[in-house]
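Peer 1: Structure in structure tokens, see below.
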Amino acid sequence: MTDVDRYYPAKGRVILHVDMNAFYCSVHEAENPELYRGRMTAVAGDSEKRRGIVVTSSYPARKAGVRTGMTVHQALKLCPSLTLIKPDFRLYKAYSRAFREILYSYTPMIQATSIDECYMDITGSKQFGTPMQIAEEIQRRIEDELSLPCSIGVAPNKLLAKIASDMKKPNGISVLRIRDLPQTLWNRPCGELFGVGAKTAEKLNRLGIRTIGELAQTDEKRLEASFGVFGAWMKRAANGQDNAEVHPEREPSKSVGHTTTLPHDVTDNDEALRVLLNLSDQVARRMRRQELLAGAVQITIRTPEMKTITRSRTLEIPTEAADDIFREAKALYLKHWGADRPVRLLGVAAQSLSDKKSAAIQLDLFDYERQPKREKLTEVMDKLRDKFGDDALMTAGMLGEDGIRRIKAGRTPGISFHGERNKDEEDE
């Protein structure tokens, strides 16, 4: 068993920088893979009139020389087979919220710097594994649930995490520590240091400072004489020193959810409900870890044609129990979907979350007598499963004739597009 504690510093922090790769183009690939996946594409300001500026381009298009900021005319001259896509910022915001919800599953310490980039402070997240395990799981979930690639940097501070996330693109994970800098960074030009622009790099070159390593070893007073306080910052940055904290910009997630893409189109109610049961169990466990109660339950259904709908129901009494969540998810599914209609993806989310410590729960007499025993049993089960794995304890309803396969199918964690509504979505 991995000794997780030794991967976290006794003093200091562990920071991830999550950077979505070619985000706008990747979103269109996820929405319409048959049209765009693997193709040379570019999102442009006015794709219909074939003019304007390239907002971003896919990696195949970048290999052909298409770059952000290039005019459409220039891009088409370089790459005549380039497919132009009209921007859809509503769609980008929906995917941005969706990938951030995945990040909030691991820590409330999230700082978004743009629609497609976030810093995460996971110093207090060791219950989810080592930093590398967390990064790998995040990357896998974003790919499995949203069909998006991302690169992740793992480092002791924000500066190095940002630099690390740029080291392997697309879909890479890089670890960068201060002791790694002489081998990985110091031989690179100053202009490749995050925060150092082209004009500053040119001025450094005129001073005879050409590499990041030379910048790291330059006398600080000399740098301050030419650049002021920014000179002192550059020296610290070249040495990997950064004390900036991750500043969360909103409260922790208002929903906790899991989705899974099924291995085949499901039409049988029993099979679908087994998946919903497993998803409800995973949602409840994550809520209990964060000491949260759900005030509403939402299900997500995606058809083989990639049409997504959601249905939700408000609970009379907030809960953290898997059976309560499953009961509502089951009722929603049977009412709004039912047998013989194929499903490719299912999701369950707990919404309208509240802090368990401060929540006032109205219980009837029977629940009042039963609740302490129920909570104690759930606590013991959680501890056993944390120690021996999720499969150590399961309810009979989680198993079918091919129960292991269905459990695996139902245990792919995820977040659906909470808060987004398309024309075929409505709440009760």
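All residue names refer to the structure tokens as shown: chains lettered A, B, ... in order, residues numbered from 1 in each chain, ligands numbered from 1 in order.
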Would you mind listing what lies within 7 Å of A:Arg288 as a list in words, with only C-alpha atoms counted and same-chain residues fewer than 4 positions away left out?
Peer 2: Ala284, Leu292 and Glu320 of chain A
Peer 1: Which residues are near A:Ile134? Cut-off 9 Å, only C-alpha atoms, ignore same chain within fewer than 4 positions. Put them as a PyMOL selection string.
Peer 2: chain A and resi 106+122+125-126+128-130+138-139
Peer 1: Let me make sure I understand: among A:Arg341, A:Lys203, A:His247, A:Arg313, which one has the smallest atom-to-atom distance to A:Asn269 if we use only C-alpha atoms?
Peer 2: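 When distances to A:Asn269 are compared using only C-alpha atoms, the smallest one comes from A:Arg341.
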Peer 1: Which residues are close to A:Phe23, i.e. within 9 Å by only C-alpha atoms, leaving aside same-chain residues fewer than 4 positions away? Reply as a PyMOL selection string.
Peer 2: chain A and resi 19+27-28+56-58+92+115-116+148-150
Peer 1: Keeping C-alpha atoms, export the residues of the selection given above as a compact mmCIF listing (two decimals), in the first residue's frame.
Peer 2:
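Listed below is the output, again20.txt:
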# COMPACT_ATOMS: atom_id res chain seq x y z
CA ASP A 19 -4.75 23.61 -18.63
CA VAL A 27 -15.20 21.34 -27.17
CA HIS A 28 -16.47 21.20 -30.74
CA THR A 56 -7.71 29.00 -31.53
CA SER A 57 -6.78 26.01 -33.67
CA SER A 58 -6.63 22.25 -33.22
CA TYR A 92 -17.56 26.87 -23.91
CA ILE A 115 -12.16 29.87 -19.06
CA ASP A 116 -9.75 26.95 -19.63
CA LEU A 148 -11.59 16.79 -23.54
CA PRO A 149 -7.77 16.65 -23.33
CA CYS A 150 -5.88 18.57 -20.68
Peer 1: Here is a test: counting only C-alpha atoms, which residue of A:Ala98, A:Val154, A:Leu84, A:Met20 is nearest to A:Ser114?
Peer 2: A:Met20
Peer 1: DSSP on the backbone: what in stretch 256-350 of chain A comes out strand (DSSP E), as a count of residues only?
Peer 2: 42
Peer 1: Using only C-alpha atoms, pick whichever of A:Gly191, A:Trp186, A:Phe227, A:Gly197 has the shortest atom-to-atom distance to A:Glu214.
Peer 2: A:Trp186
Peer 1: Give me the residues near stretch 7-10 of chain A as JSON, numbers by chain, where near means some atom within 9 Å (using only C-alpha atoms) and where sequence neighbours in that chain fewer than 4 positions away do not count.
Peer 2: {"A": [3, 14, 123, 124, 126, 130, 131, 156]}
Peer 1: Using DSSP on the backbone coordinates, identify all residues within stretch 200-235 of chain A classified as helix (DSSP H, G or I); present the result as a list in words.
Peer 2: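 Everything in stretch 200-235 of chain A that counts as helix (DSSP H, G or I) is Thr200, Ala201, Glu202, Lys203, Leu204, Asn205, Arg206, Ile212, Gly213, Glu214, Leu215, Ala216, Gln217, Glu220, Lys221, Arg222, Leu223, Glu224, Ala225, Ser226, Phe227, Val229, Phe230, Gly231, Ala232, Trp233, Met234 and Lys235 of chain A.
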Peer 1: Create the file for the chosen residues now, containing N, CA and C atoms and written as a PDB file, in the first residue's frame.
Peer 2:
ATOM      1  N   THR A 200      10.989  42.081 -22.820  1.00  0.00           N
ATOM      2  CA  THR A 200      11.861  41.903 -21.652  1.00  0.00           C
ATOM      3  C   THR A 200      12.987  40.933 -21.970  1.00  0.00           C
ATOM      4  N   ALA A 201      12.668  39.862 -22.697  1.00  0.00           N
ATOM      5  CA  ALA A 201      13.704  38.884 -23.075  1.00  0.00           C
ATOM      6  C   ALA A 201      14.758  39.534 -23.964  1.00  0.00           C
ATOM      7  N   GLU A 202      14.328  40.415 -24.882  1.00  0.00           N
ATOM      8  CA  GLU A 202      15.283  41.117 -25.741  1.00  0.00           C
ATOM      9  C   GLU A 202      16.204  42.011 -24.909  1.00  0.00           C
ATOM     10  N   LYS A 203      15.640  42.692 -23.934  1.00  0.00           N
ATOM     11  CA  LYS A 203      16.454  43.564 -23.079  1.00  0.00           C
ATOM     12  C   LYS A 203      17.431  42.738 -22.255  1.00  0.00           C
ATOM     13  N   LEU A 204      16.991  41.582 -21.757  1.00  0.00           N
ATOM     14  CA  LEU A 204      17.887  40.692 -21.019  1.00  0.00           C
ATOM     15  C   LEU A 204      19.033  40.223 -21.923  1.00  0.00           C
ATOM     16  N   ASN A 205      18.702  39.907 -23.168  1.00  0.00           N
ATOM     17  CA  ASN A 205      19.736  39.481 -24.114  1.00  0.00           C
ATOM     18  C   ASN A 205      20.783  40.570 -24.314  1.00  0.00           C
ATOM     19  N   ARG A 206      20.329  41.823 -24.402  1.00  0.00           N
ATOM     20  CA  ARG A 206      21.274  42.927 -24.581  1.00  0.00           C
ATOM     21  C   ARG A 206      22.181  43.087 -23.364  1.00  0.00           C
ATOM     22  N   ILE A 212      17.583  31.103 -18.758  1.00  0.00           N
ATOM     23  CA  ILE A 212      16.938  31.203 -17.442  1.00  0.00           C
ATOM     24  C   ILE A 212      17.954  30.922 -16.339  1.00  0.00           C
ATOM     25  N   GLY A 213      18.894  30.022 -16.595  1.00  0.00           N
ATOM     26  CA  GLY A 213      19.935  29.746 -15.616  1.00  0.00           C
ATOM     27  C   GLY A 213      20.806  30.957 -15.359  1.00  0.00           C
ATOM     28  N   GLU A 214      21.173  31.685 -16.419  1.00  0.00           N
ATOM     29  CA  GLU A 214      21.956  32.909 -16.243  1.00  0.00           C
ATOM     30  C   GLU A 214      21.155  33.953 -15.479  1.00  0.00           C
ATOM     31  N   LEU A 215      19.861  34.025 -15.769  1.00  0.00           N
ATOM     32  CA  LEU A 215      18.991  34.950 -15.040  1.00  0.00           C
ATOM     33  C   LEU A 215      18.943  34.589 -13.557  1.00  0.00           C
ATOM     34  N   ALA A 216      18.884  33.298 -13.258  1.00  0.00           N
ATOM     35  CA  ALA A 216      18.825  32.845 -11.865  1.00  0.00           C
ATOM     36  C   ALA A 216      20.072  33.227 -11.087  1.00  0.00           C
ATOM     37  N   GLN A 217      21.202  33.342 -11.775  1.00  0.00           N
ATOM     38  CA  GLN A 217      22.473  33.608 -11.102  1.00  0.00           C
ATOM     39  C   GLN A 217      22.912  35.068 -11.184  1.00  0.00           C
ATOM     40  N   GLU A 220      20.945  40.464  -8.074  1.00  0.00           N
ATOM     41  CA  GLU A 220      19.610  41.054  -7.994  1.00  0.00           C
ATOM     42  C   GLU A 220      19.640  42.567  -8.166  1.00  0.00           C
ATOM     43  N   LYS A 221      20.656  43.228  -7.632  1.00  0.00           N
ATOM     44  CA  LYS A 221      20.731  44.686  -7.741  1.00  0.00           C
ATOM     45  C   LYS A 221      20.918  45.114  -9.198  1.00  0.00           C
ATOM     46  N   ARG A 222      21.652  44.297  -9.954  1.00  0.00           N
ATOM     47  CA  ARG A 222      21.832  44.610 -11.370  1.00  0.00           C
ATOM     48  C   ARG A 222      20.496  44.542 -12.106  1.00  0.00           C
ATOM     49  N   LEU A 223      19.702  43.531 -11.786  1.00  0.00           N
ATOM     50  CA  LEU A 223      18.390  43.387 -12.416  1.00  0.00           C
ATOM     51  C   LEU A 223      17.457  44.513 -12.004  1.00  0.00           C
ATOM     52  N   GLU A 224      17.497  44.908 -10.721  1.00  0.00           N
ATOM     53  CA  GLU A 224      16.640  45.984 -10.247  1.00  0.00           C
ATOM     54  C   GLU A 224      17.009  47.312 -10.896  1.00  0.00           C
ATOM     55  N   ALA A 225      18.282  47.501 -11.197  1.00  0.00           N
ATOM     56  CA  ALA A 225      18.721  48.735 -11.843  1.00  0.00           C
ATOM     57  C   ALA A 225      18.113  48.882 -13.232  1.00  0.00           C
ATOM     58  N   SER A 226      17.878  47.775 -13.904  1.00  0.00           N
ATOM     59  CA  SER A 226      17.332  47.822 -15.266  1.00  0.00           C
ATOM     60  C   SER A 226      15.824  47.636 -15.320  1.00  0.00           C
ATOM     61  N   PHE A 227      15.270  46.881 -14.349  1.00  0.00           N
ATOM     62  CA  PHE A 227      13.850  46.501 -14.422  1.00  0.00           C
ATOM     63  C   PHE A 227      13.041  46.889 -13.190  1.00  0.00           C
ATOM     64  N   VAL A 229      11.449  46.616  -9.477  1.00  0.00           N
ATOM     65  CA  VAL A 229      11.069  45.481  -8.638  1.00  0.00           C
ATOM     66  C   VAL A 229      10.802  44.228  -9.482  1.00  0.00           C
ATOM     67  N   PHE A 230      10.464  44.427 -10.773  1.00  0.00           N
ATOM     68  CA  PHE A 230      10.246  43.279 -11.641  1.00  0.00           C
ATOM     69  C   PHE A 230      11.532  42.474 -11.836  1.00  0.00           C
ATOM     70  N   GLY A 231      12.659  43.150 -11.759  1.00  0.00           N
ATOM     71  CA  GLY A 231      13.935  42.458 -11.868  1.00  0.00           C
ATOM     72  C   GLY A 231      14.146  41.471 -10.724  1.00  0.00           C
ATOM     73  N   ALA A 232      13.793  41.903  -9.505  1.00  0.00           N
ATOM     74  CA  ALA A 232      13.907  40.999  -8.353  1.00  0.00           C
ATOM     75  C   ALA A 232      12.955  39.821  -8.501  1.00  0.00           C
ATOM     76  N   TRP A 233      11.745  40.091  -9.040  1.00  0.00           N
ATOM     77  CA  TRP A 233      10.788  38.997  -9.247  1.00  0.00           C
ATOM     78  C   TRP A 233      11.327  37.995 -10.252  1.00  0.00           C
ATOM     79  N   MET A 234      11.935  38.476 -11.341  1.00  0.00           N
ATOM     80  CA  MET A 234      12.450  37.565 -12.360  1.00  0.00           C
ATOM     81  C   MET A 234      13.526  36.648 -11.791  1.00  0.00           C
ATOM     82  N   LYS A 235      14.382  37.187 -10.946  1.00  0.00           N
ATOM     83  CA  LYS A 235      15.425  36.343 -10.345  1.00  0.00           C
ATOM     84  C   LYS A 235      14.806  35.256  -9.475  1.00  0.00           C
TER      85      LYS A 235
END
Peer 1: Could you tell me how far atom CA of A:Ile85 sits from atom CA of A:Tyr36, in Å to one decimal place?
Peer 2: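 For atom CA of A:Tyr36 relative to atom CA of A:Ile85, the distance reads 9.6 Å.
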Peer 1: Atom CA of A:Glu245 to atom CA of A:Ile163: how many Å, to one decimal?
Peer 2: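 Atom CA of A:Ile163 lies 16.1 Å from atom CA of A:Glu245.
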Peer 1: Would you mind telling me which residue in A:Ala238, A:Cys190, A:Glu316, A:Asn21 lies nearest to A:Leu159 when using only C-alpha atoms?
Peer 2: A:Ala238
Peer 1: Check the smallest atom-to-atom distance from each of A:Gln127, A:Asn187, A:Gln290, A:Ser280 to A:Ile325 using only C-alpha atoms, then report the winner.
Peer 2: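 Closest to A:Ile325, using only C-alpha atoms: A:Ser280.
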Peer 1: Please provide as a PyMOL selection string all residues within 7 Å of A:Val297, with the sequence filter that same-chain residues fewer than 5 positions apart are discarded (counting only C-alpha atoms).
Peer 2: chain A and resi 312-314+325+328-329+349-351
Peer 1: To one decimal place, how far is atom CA of A:Val72 from atom CA of A:Ala22 in Å?
Peer 2: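 Interatomic distance here is 17.1 Å.
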Peer 1: Please provide the set of residues having any atom within 12 Å of A:Leu35, restricted to only C-alpha atoms, with same-chain residues fewer than 5 positions apart removed, written as a PyMOL selection string.
Peer 2: chain A and resi 25-26+28-30+40-41+83-85
Peer 1: Residues of the last selection are to be written out with C-alpha atoms, as a PDB file, in the first residue's frame.
Peer 2:
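Contents of the output file part-v8.pdb:
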ATOM      1  CA  CYS A  25     -11.667  23.305 -30.804  1.00  0.00           C
ATOM      2  CA  SER A  26     -11.688  20.396 -28.343  1.00  0.00           C
ATOM      3  CA  HIS A  28     -16.468  21.199 -30.744  1.00  0.00           C
ATOM      4  CA  GLU A  29     -14.751  17.826 -31.202  1.00  0.00           C
ATOM      5  CA  ALA A  30     -16.477  16.532 -28.068  1.00  0.00           C
ATOM      6  CA  MET A  40      -7.521  20.503 -38.952  1.00  0.00           C
ATOM      7  CA  THR A  41      -9.985  22.964 -37.410  1.00  0.00           C
ATOM      8  CA  THR A  83     -12.352  23.620 -41.302  1.00  0.00           C
ATOM      9  CA  LEU A  84     -13.597  26.891 -39.813  1.00  0.00           C
ATOM     10  CA  ILE A  85     -15.993  26.808 -36.841  1.00  0.00           C
TER      11      ILE A  85
END
Peer 1: Using only C-alpha atoms, pick whichever of A:Arg344, A:His264, A:His73, A:Arg289 has the shortest atom-to-atom distance to A:Ile301.
Peer 2: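 Closest to A:Ile301, using only C-alpha atoms: A:Arg344.
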